[in-house]
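Chemist: query_30.cif is reproduced in full below (mmCIF, C-alpha atoms).
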data_data
loop_
_atom_site.label_atom_id
_atom_site.label_comp_id
_atom_site.auth_asym_id
_atom_site.auth_seq_id
_atom_site.Cartn_x
_atom_site.Cartn_y
_atom_site.Cartn_z
CA MET A 136 -2.09 -21.09 -47.83
CA VAL A 137 -0.75 -17.65 -48.68
CA LEU A 138 -2.57 -14.96 -46.67
CA THR A 139 -3.28 -11.50 -48.08
CA PRO A 140 -5.38 -8.56 -46.82
CA SER A 141 -7.84 -9.19 -49.66
CA ASN A 142 -8.86 -12.58 -48.20
CA ASP A 143 -9.08 -11.49 -44.54
CA ASN A 144 -12.79 -12.37 -44.38
CA ASP A 145 -12.48 -15.76 -46.08
CA ILE A 146 -13.29 -18.69 -43.80
CA VAL A 147 -10.22 -20.92 -43.72
CA ALA A 148 -11.63 -23.67 -41.54
CA VAL A 149 -14.82 -24.48 -39.69
CA LEU A 150 -13.76 -26.09 -36.43
CA GLU A 151 -16.16 -28.55 -34.86
CA TRP A 152 -15.55 -30.61 -31.73
CA ASP A 153 -17.33 -32.96 -29.35
CA LYS A 154 -18.27 -31.60 -25.96
CA SER A 155 -15.62 -32.51 -23.42
CA ASN A 156 -16.45 -35.29 -20.99
CA THR A 157 -15.21 -34.30 -17.55
CA GLY A 158 -17.47 -36.58 -15.53
CA LEU A 159 -18.85 -33.44 -13.87
CA PRO A 160 -22.25 -31.77 -14.27
CA THR A 161 -20.60 -28.39 -14.89
CA VAL A 162 -20.44 -27.34 -18.56
CA SER A 163 -16.99 -26.63 -20.00
CA VAL A 164 -16.00 -23.43 -21.73
CA TYR A 165 -13.76 -23.56 -24.78
CA THR A 166 -11.00 -21.46 -26.30
CA ILE A 167 -9.13 -21.67 -29.60
CA GLN A 168 -5.39 -22.20 -29.11
CA VAL A 169 -2.83 -21.54 -31.88
CA SER A 170 0.90 -22.18 -31.58
CA GLU A 171 3.92 -22.98 -33.67
CA SER A 172 3.73 -26.67 -34.51
CA GLY A 173 4.69 -28.78 -31.52
CA VAL A 174 5.56 -25.76 -29.34
CA TYR A 175 2.70 -25.34 -26.88
CA ASN A 176 4.34 -22.83 -24.55
CA THR A 177 3.92 -20.08 -27.16
CA GLU A 178 0.16 -20.29 -27.63
CA VAL A 179 -2.03 -17.39 -28.70
CA SER A 180 -5.79 -17.54 -28.22
CA GLY A 181 -8.24 -17.09 -31.06
CA ASN A 182 -11.61 -15.31 -30.73
CA SER A 183 -9.71 -12.48 -28.98
CA GLY A 184 -9.17 -14.84 -26.04
CA ASN A 185 -12.90 -14.99 -25.29
CA ASN A 186 -14.53 -18.22 -24.17
CA LEU A 187 -16.87 -20.17 -26.43
CA SER A 188 -19.90 -22.05 -25.17
CA ALA A 189 -20.70 -23.59 -28.56
CA SER A 190 -18.76 -26.50 -30.09
CA THR A 191 -18.09 -24.89 -33.45
CA TYR A 192 -16.05 -21.90 -34.65
CA SER A 193 -15.31 -20.39 -38.06
CA LEU A 194 -11.65 -19.41 -38.33
CA LYS A 195 -11.05 -16.61 -40.84
CA ALA A 196 -7.84 -15.84 -42.72
CA GLY A 197 -7.48 -12.40 -41.12
CA GLU A 198 -7.67 -13.87 -37.62
CA ILE A 199 -5.06 -16.53 -38.40
CA ASN A 200 -2.77 -13.86 -39.82
CA SER A 201 -3.19 -11.64 -36.76
CA ILE A 202 -2.42 -14.57 -34.46
CA VAL A 203 0.64 -15.67 -36.45
CA ASN A 204 1.99 -12.09 -36.29
CA ARG A 205 2.14 -12.52 -32.49
CA LEU A 206 4.01 -15.85 -32.45
CA PRO A 207 7.68 -15.68 -31.33
CA ASN A 208 9.19 -16.96 -34.59
CA TYR A 209 6.88 -15.06 -36.93
CA ALA A 210 8.65 -13.72 -40.03
CA CYS A 211 6.83 -11.59 -42.57
CA GLY A 212 6.27 -13.41 -45.86
CA GLN A 213 7.83 -16.67 -44.67
CA GLU A 214 5.85 -19.90 -44.38
CA ILE A 215 5.19 -21.16 -40.87
CA SER A 216 3.54 -24.35 -39.63
CA ILE A 217 0.94 -23.81 -36.90
CA ASP A 218 -1.12 -26.11 -34.69
CA VAL A 219 -4.73 -25.29 -33.89
CA ARG A 220 -6.45 -27.04 -30.97
CA ILE A 221 -9.36 -26.61 -28.58
CA LYS A 222 -8.89 -26.02 -24.86
CA ALA A 223 -11.79 -27.08 -22.60
CA LYS A 224 -11.89 -25.79 -19.03
CA VAL A 225 -14.09 -26.37 -16.01
CA GLY A 226 -13.67 -24.40 -12.79
CA THR A 227 -11.67 -21.38 -11.72
CA SER A 228 -8.14 -20.62 -12.86
CA ASP A 229 -6.65 -21.89 -9.58
CA ASN A 230 -8.49 -25.21 -9.58
CA ALA A 231 -9.46 -25.60 -13.22
CA PHE A 232 -9.81 -28.97 -14.91
CA VAL A 233 -8.38 -28.63 -18.43
CA GLN A 234 -8.56 -30.88 -21.48
CA TYR A 235 -7.11 -30.38 -24.97
CA SER A 236 -8.20 -31.71 -28.34
CA ASN A 237 -5.77 -33.21 -30.78
CA PRO A 238 -4.31 -30.41 -32.95
CA ILE A 239 -4.74 -29.83 -36.64
CA THR A 240 -1.70 -28.50 -38.48
CA ILE A 241 -1.86 -25.74 -41.08
CA LYS A 242 0.94 -24.18 -43.11
CA VAL A 243 0.50 -20.47 -43.82
CA THR A 244 2.51 -17.65 -45.33
CA PRO A 245 1.54 -14.52 -43.36
CA TYR A 246 1.69 -10.85 -44.21
CA SER A 247 2.68 -8.09 -41.80
CA THR A 248 0.03 -6.18 -39.86
CA ALA A 249 2.61 -3.59 -38.80
CA LYS A 250 1.92 -0.01 -39.81
CA PRO A 251 3.51 0.66 -43.25
CA LEU A 252 6.52 2.95 -43.13
CA LEU A 253 7.84 5.58 -45.51
CA ALA A 254 11.37 6.94 -45.31
CA PHE A 255 12.12 10.60 -46.03
CA THR A 256 15.78 11.35 -46.49
CA THR A 257 18.49 12.69 -48.79
CA ASP A 258 20.24 10.67 -51.49
CA ALA A 259 23.35 10.67 -49.32
CA SER A 260 21.61 8.74 -46.52
CA LEU A 261 20.29 5.19 -46.36
CA ALA A 262 16.51 4.90 -46.31
CA ALA A 263 16.69 2.02 -43.81
CA ASP A 264 18.57 4.19 -41.30
CA SER A 265 16.49 7.34 -41.66
CA ASP A 266 13.50 8.57 -39.65
CA LYS A 267 10.19 7.27 -40.91
CA LEU A 268 6.63 8.35 -41.57
CA ALA A 269 3.98 5.76 -40.70
CA SER A 270 0.44 5.04 -41.82
CA SER A 271 -2.39 4.58 -39.34
CA SER A 272 -2.97 0.96 -40.44
CA TYR A 273 -1.51 -1.76 -42.64
CA LEU A 274 -4.58 -1.33 -44.86
CA VAL A 275 -4.09 2.43 -45.35
CA SER A 276 -1.62 4.23 -47.63
CA SER A 277 -3.24 7.67 -47.66
CA ASP A 278 -2.29 9.09 -44.26
CA TYR A 279 1.45 8.66 -43.76
CA GLN A 280 2.68 11.07 -41.09
CA GLY A 281 5.84 11.91 -39.19
CA PHE A 282 7.48 14.69 -37.15
CA PHE A 283 11.03 15.41 -38.30
CA PHE A 284 13.94 17.71 -37.56
CA LEU A 285 15.40 18.46 -41.01
CA THR A 286 18.61 20.11 -42.10
CA PRO A 287 18.98 21.86 -45.48
CA GLY A 288 19.18 19.49 -48.44
CA THR A 289 17.23 17.67 -51.13
CA TYR A 290 14.93 14.91 -49.85
CA LYS A 291 12.85 12.11 -51.37
CA PHE A 292 10.34 9.54 -50.12
CA TYR A 293 11.26 5.83 -50.10
CA LYS A 294 8.61 3.11 -49.86
CA PRO A 295 9.74 -0.31 -48.54
CA ASN A 296 8.39 -3.70 -49.56
CA SER A 297 5.28 -5.17 -47.92
CA CYS A 298 7.40 -6.36 -44.98
CA ASN A 299 8.83 -2.85 -44.39
CA GLY A 300 12.21 -3.85 -45.80
CA PHE A 301 14.28 -1.12 -47.49
CA THR A 302 16.72 -3.24 -49.51
CA SER A 303 15.20 -2.08 -52.83
CA PRO A 304 12.70 0.67 -51.95
CA THR A 305 10.41 2.44 -54.41
CA GLU A 306 11.55 6.03 -54.80
CA TYR A 307 9.13 8.96 -54.92
CA GLY A 308 10.18 12.44 -55.90
CA THR A 309 8.15 15.58 -56.43
CA ASN A 310 6.31 16.69 -59.53
CA GLY A 311 8.13 19.98 -59.95
CA SER A 312 9.87 22.08 -57.32
CA ASN A 313 8.22 21.60 -53.91
CA SER A 314 4.80 21.47 -55.60
CA GLY A 315 2.92 19.11 -53.29
CA ALA A 316 2.50 16.43 -55.97
CA LEU A 317 4.39 13.13 -55.83
CA ASP A 318 6.20 11.67 -58.82
CA ALA A 319 6.66 7.89 -58.92
CA SER A 320 9.72 8.29 -61.14
CA GLY A 321 11.57 9.95 -58.26
CA ALA A 322 13.25 12.43 -60.56
CA THR A 323 13.07 15.61 -58.48
CA GLY A 324 13.58 15.91 -54.74
CA PHE A 325 12.04 18.27 -52.19
CA THR A 326 14.34 21.14 -51.24
CA VAL A 327 14.60 21.98 -47.54
CA ALA A 328 16.07 25.47 -47.27
CA THR A 329 15.86 26.05 -43.50
CA ALA A 330 16.77 23.74 -40.64
CA GLY A 331 13.88 23.14 -38.29
CA HIS A 332 11.00 21.01 -37.14
CA TYR A 333 8.55 19.79 -39.77
CA LEU A 334 5.32 17.83 -39.93
CA ILE A 335 5.36 15.65 -43.04
CA LYS A 336 2.39 13.88 -44.62
CA ALA A 337 2.04 11.76 -47.75
CA ASN A 338 -0.76 10.04 -49.68
CA LEU A 339 0.43 7.18 -51.89
CA ASN A 340 -3.02 6.26 -53.20
CA GLU A 341 -3.02 6.39 -56.99
CA THR A 342 -6.68 7.47 -57.20
CA GLY A 343 -9.19 9.35 -55.06
CA THR A 344 -9.07 12.57 -53.06
CA GLY A 345 -5.52 13.72 -52.36
CA ALA A 346 -3.96 10.90 -54.40
CA MET A 347 -0.18 11.09 -54.89
CA THR A 348 0.33 14.22 -52.81
CA TYR A 349 2.48 15.31 -49.88
CA SER A 350 2.86 18.22 -47.49
CA ILE A 351 5.98 19.32 -45.63
CA THR A 352 5.32 22.14 -43.18
CA GLN A 353 7.72 23.80 -40.76
CA PHE A 354 6.17 24.80 -37.45
CA ASN A 355 7.49 28.10 -36.18
CA TYR A 356 11.12 27.22 -35.59
CA PRO A 357 12.86 28.27 -33.34
CA THR A 358 10.20 29.63 -30.93
CA ASN A 359 7.01 27.98 -29.72
CA THR A 360 7.55 25.00 -31.99
CA PHE A 361 5.77 22.54 -29.76
CA GLY A 362 3.76 23.14 -26.62
CA ILE A 363 1.32 22.16 -23.92
CA PHE A 364 -2.10 23.82 -23.58
CA GLY A 365 -5.37 23.50 -21.74
CA GLY A 366 -7.10 24.29 -18.45
CA ALA A 367 -4.51 22.39 -16.42
CA THR A 368 -1.84 24.88 -17.50
CA LYS A 369 -4.00 27.82 -16.39
CA SER A 370 -3.52 29.24 -19.88
CA ILE A 371 -7.08 28.36 -20.84
CA GLY A 372 -7.90 28.56 -24.53
CA PHE A 373 -6.79 27.15 -27.83
CA SER A 374 -4.18 29.78 -28.70
CA ASN A 375 -2.52 29.97 -25.26
CA THR A 376 0.27 27.46 -25.61
CA THR A 377 3.23 27.09 -23.25
CA PRO A 378 6.34 26.30 -25.34
CA MET A 379 8.38 23.16 -24.70
CA ILE A 380 12.12 22.72 -25.27
CA TYR A 381 13.54 20.24 -27.79
CA ASP A 382 16.44 17.96 -26.84
CA GLU A 383 18.30 16.78 -29.94
CA ALA A 384 20.02 13.85 -28.22
CA SER A 385 16.82 12.20 -26.96
CA LYS A 386 14.58 13.62 -29.71
CA THR A 387 12.04 14.67 -27.08
CA TRP A 388 10.25 17.85 -26.03
CA SER A 389 10.24 18.68 -22.32
CA LEU A 390 9.10 21.27 -19.81
CA THR A 391 8.77 21.69 -16.06
CA ILE A 392 5.36 23.14 -15.29
CA GLU A 393 2.72 23.32 -12.56
CA LEU A 394 -0.54 21.63 -13.59
CA ILE A 395 -3.86 22.24 -11.83
CA ASN A 396 -4.98 18.98 -10.23
CA GLY A 397 -7.87 17.33 -12.05
CA LYS A 398 -7.89 19.74 -15.01
CA LYS A 399 -7.24 18.69 -18.61
CA PHE A 400 -4.39 19.43 -21.01
CA GLY A 401 -3.01 18.43 -24.41
CA PHE A 402 -0.14 19.12 -26.80
CA LYS A 403 0.06 20.76 -30.21
CA THR A 404 2.47 21.69 -32.96
CA GLY A 405 2.54 25.28 -34.09
CA ASN A 406 1.29 28.49 -32.60
CA GLY A 407 -1.98 30.39 -32.33
CA ASN A 408 -5.32 29.21 -33.67
CA SER A 409 -4.00 27.24 -36.64
CA PRO A 410 -1.76 24.40 -35.40
CA LEU A 411 -0.70 21.63 -37.72
CA ALA A 412 -1.74 18.88 -35.32
CA ILE A 413 -3.12 18.38 -31.84
CA LEU A 414 -1.94 15.44 -29.76
CA THR A 415 -4.48 13.96 -27.38
CA GLY A 416 -4.36 11.09 -24.93
CA THR A 417 -6.14 9.33 -22.12
CA GLY A 418 -5.44 8.43 -18.54
CA THR A 419 -4.36 10.62 -15.68
CA GLY A 420 -0.69 10.90 -16.60
CA SER A 421 2.16 9.47 -14.55
CA ALA A 422 5.83 8.59 -14.71
CA VAL A 423 4.73 5.63 -16.82
CA THR A 424 4.83 6.48 -20.53
CA SER A 425 1.34 6.94 -21.98
CA PRO A 426 0.31 6.98 -25.67
CA LEU A 427 -0.67 10.05 -27.66
CA THR A 428 -2.75 10.29 -30.83
CA SER A 429 -2.26 12.99 -33.43
CA ILE A 430 -5.43 14.71 -34.65
CA ASP A 431 -5.41 16.53 -37.97
CA PRO A 432 -7.50 19.57 -38.94
CA PRO A 433 -10.35 20.42 -38.97
CA PHE A 434 -10.46 20.54 -35.19
CA THR A 435 -13.51 20.63 -32.94
CA ASN A 436 -14.04 22.26 -29.57
CA ALA A 437 -13.54 18.89 -27.91
CA ASN A 438 -10.02 18.79 -29.36
CA TYR A 439 -8.73 22.23 -28.55
CA THR A 440 -10.60 23.83 -25.67
CA ASP A 441 -8.66 22.07 -22.92
CA GLY A 442 -7.16 18.92 -24.42
CA SER A 443 -8.14 15.42 -23.34
CA ILE A 444 -5.58 14.32 -20.73
CA LYS A 445 -6.66 14.70 -17.11
CA ALA A 446 -3.96 15.90 -14.74
CA PRO A 447 -3.57 13.66 -11.67
CA GLY A 448 -5.75 14.38 -8.67
CA ASP A 449 -9.15 15.93 -8.15
CA PHE A 450 -9.98 19.52 -9.01
CA VAL A 451 -10.49 21.75 -5.95
CA ASN A 452 -9.60 25.19 -7.27
CA ASN A 453 -7.08 26.81 -9.61
CA ASN A 454 -4.53 27.10 -6.79
CA THR A 455 -4.39 23.36 -6.11
CA LYS A 456 -1.65 22.20 -8.43
CA THR A 457 1.43 19.99 -8.69
CA ARG A 458 4.77 20.62 -10.38
CA TYR A 459 5.78 18.08 -13.07
CA ASN A 460 8.53 17.32 -15.52
CA VAL A 461 6.63 16.76 -18.77
CA VAL A 462 8.31 14.84 -21.62
CA VAL A 463 6.79 14.22 -25.07
CA ASP A 464 8.27 11.93 -27.74
CA VAL A 465 7.00 12.35 -31.30
CA SER A 466 10.11 10.91 -32.95
CA LYS A 467 8.50 7.47 -33.48
CA ALA A 468 5.87 7.90 -36.16
CA ARG A 469 2.33 6.97 -35.08
CA ASN A 470 3.78 5.81 -31.75
CA TYR A 471 3.75 9.12 -29.90
CA SER A 472 3.93 9.23 -26.11
CA TYR A 473 4.24 11.46 -23.04
CA SER A 474 5.11 11.13 -19.37
CA LEU A 475 4.64 13.17 -16.21
CA THR A 476 7.11 12.94 -13.32
CA PRO A 477 6.47 14.92 -10.11
CA ASN A 478 9.14 17.56 -9.48
CA PRO A 479 9.10 18.75 -5.85
CA ASN A 480 11.88 21.32 -6.41
#
Can I see the file as structure tokens?

Modeler:
Amino acid sequence: MVLTPSNDNDIVAVLEWDKSNTGLPTVSVYTIQVSESGVYNTEVSGNSGNNLSASTYSLKAGEINSIVNRLPNYACGQEISIDVRIKAKVGTSDNAFVQYSNPITIKVTPYSTAKPLLAFTTDASLAADSDKLASSSYLVSSDYQGFFFLTPGTYKFYKPNSCNGFTSPTEYGTNGSNSGALDASGATGFTVATAGHYLIKANLNETGTGAMTYSITQFNYPTNTFGIFGGATKSIGFSNTTPMIYDEASKTWSLTIELINGKKFGFKTGNGNSPLAILTGTGTGSAVTSPLTSIDPPFTNANYTDGSIKAPGDFVNNNTKTRYNVVVDVSKARNYSYSLTPNPN
């Protein structure tokens, strides 16, 4: 079967099985196991890995596609043969008694669940090698976003195929000079006059609010282009942002700063009360890289008062703080991250 997003909710197979006979009074629990045909050391569990107590399960096309995307030899758009079987288990993981059903074999052609990409580059550069915008989901083509450092030139958007391949991309230009409207003919490019940092967005929907539009906005280059804010920085308030420094080689923003233990902070692009985006996260921050999510306007108090990331430690008072090297990476579209490393110096 050929899988497409439009048939995600279609039931592909209703699995039914006899209850396992273990010779024990304890009832077995069951899981769905999917692997490449004949290769059972690469299994991925269906039903999000949760146990089943019933002896029947409806397997939908979207779930099969999601599972196949996680198999080692998955290739977008290429047919793959998979085995589906039932695993029955009694007991704990250390002393479990396990039985398997015979497998059924299904051939499927999957589609990619990776976030769709959109290249933005000059005619002189290859779309495949350029920085990319990304959508929030494989089902969405209205919220492409990316943070770029651009040099002067004429740029266009390039849309890959459904597997994010740029061999023969679809070219999008602008409808007039830097107008904000996209042109599917790709006739006119967007002119970047000043080198600097830009937040770029695009909506490739052909109908609906904001259809076939883009925005390319420079954020206050060369000062205060990107910064950290919030109660943990002791610069409490939305507009009080501490600037970070951009490193071209690593494409990261960094700063050494004392953060108040247990207080919150966040990051934002732009200055003052009208930033282009706020980046929020979770966790307590550490040397381990943690994810960030970009929030677009309109903002709420929960977004901008103090941010959402809690500095390590418990709050005692404003004088109880720790010095950190803070690094933020927004070069990978929709895969933004930050890290905190204690700096005792």

Chemist: Which polymer residues have any atom within 6 Å of an atom of segment 463-470 of chain A, counting all atoms listed in the file, with same-chain residues fewer than 5 positions away left out, as a PDB file with C-alpha atoms, in the frame of the given file?

Modeler:
ATOM      1  CA  LEU A 268       6.630   8.350 -41.570  1.00  0.00           C
ATOM      2  CA  ALA A 269       3.980   5.760 -40.700  1.00  0.00           C
ATOM      3  CA  GLY A 281       5.840  11.910 -39.190  1.00  0.00           C
ATOM      4  CA  THR A 387      12.040  14.670 -27.080  1.00  0.00           C
ATOM      5  CA  TRP A 388      10.250  17.850 -26.030  1.00  0.00           C
TER       6      TRP A 388
END

Chemist: Can you pull out every residue within 6 Å of segment 244-258 of chain A, counting only C-alpha atoms, but drop anything in the same chain fewer than 6 positions away, and send it as a list in words?

Modeler: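 My reading of the contact set: Val137, Leu138, Asn200, Cys211, Gly212, Gln213, Glu214, Lys267, Leu268, Ala269, Ser270, Ser272, Tyr273, Thr289, Tyr290, Lys291, Phe292, Tyr293, Lys294 and Cys298 of chain A.
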
Chemist: Of the residues A:Gly158, A:Pro378, A:Gly331, A:Gly181, which is the one nearest to Lys195 of chain A, using all atoms listed in the file?

Modeler: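 Among the listed residues, A:Gly181 lies closest to Lys195 of chain A.
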
Chemist: Find, counting all atoms listed in the file, the residue in A:Ile380, A:Ala412, A:Ile444, A:Val179 that gets nearest to Gly397 of chain A.

Modeler: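 Comparing A:Ile380, A:Ala412, A:Ile444, A:Val179 against Gly397 of chain A, the winner is A:Ile444.
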
Chemist: Take atom CA of Glu151 of chain A and atom CA of Ile215 of chain A and report the distance between them in Å, one decimal.

Modeler: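 Between atom CA of Glu151 of chain A and atom CA of Ile215 of chain A the gap is 23.4 Å.
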
Chemist: How many Å lie between atom CA of Phe400 of chain A and atom CA of Ser277 of chain A, rounded to one decimal?

Modeler: 29.2 Å

Chemist: Just the number, please: distance in Å from atom CA of Tyr349 of chain A to atom CA of Ser314 of chain A, one decimal.

Modeler: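 Straight-line distance from atom CA of Tyr349 of chain A to atom CA of Ser314 of chain A works out to 8.7 Å.
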
Chemist: Between A:Ala262, A:Val174, A:Val233, A:Val149, which is the closest to Leu194 of chain A once you count only C-alpha atoms?

Modeler: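 Nearest to Leu194 of chain A: A:Val149.
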
Chemist: Set up a box along x, y and z of the file covering all listed atoms of segment 184-193 of chain A, add 4 Å on every one of the six sides, and write the centre and edge lengths in Å to one decimal, as lines of an AutoDock Vina configuration file.

Modeler:
center_x = -14.9
center_y = -20.7
center_z = -31.1
size_x = 19.5
size_y = 19.7
size_z = 21.9

Chemist: Might you pull out every residue within 12 Å of Tyr175 of chain A, with only C-alpha atoms counted and same-chain residues fewer than 5 positions away left off, and present them as a ChimeraX atom specification?

Modeler: /A:168-170,180,206-207,217-220,222,235,238

Chemist: Any chance you could work out the residue set of the PyMOL selection byres ((chain A and resi 345) around 12) here, as a PyMOL selection string?

Modeler: chain A and resi 276-278+315-317+336-344+346-350

Chemist: Let me see the file: selected residues, C-alpha atoms, as a CSV table (one decimal), keeping the file's coordinate frame.

Modeler:
chain,number,residue,atom,x,y,z
A,276,SER,CA,-1.6,4.2,-47.6
A,277,SER,CA,-3.2,7.7,-47.7
A,278,ASP,CA,-2.3,9.1,-44.3
A,315,GLY,CA,2.9,19.1,-53.3
A,316,ALA,CA,2.5,16.4,-56.0
A,317,LEU,CA,4.4,13.1,-55.8
A,336,LYS,CA,2.4,13.9,-44.6
A,337,ALA,CA,2.0,11.8,-47.8
A,338,ASN,CA,-0.8,10.0,-49.7
A,339,LEU,CA,0.4,7.2,-51.9
A,340,ASN,CA,-3.0,6.3,-53.2
A,341,GLU,CA,-3.0,6.4,-57.0
A,342,THR,CA,-6.7,7.5,-57.2
A,343,GLY,CA,-9.2,9.4,-55.1
A,344,THR,CA,-9.1,12.6,-53.1
A,346,ALA,CA,-4.0,10.9,-54.4
A,347,MET,CA,-0.2,11.1,-54.9
A,348,THR,CA,0.3,14.2,-52.8
A,349,TYR,CA,2.5,15.3,-49.9
A,350,SER,CA,2.9,18.2,-47.5
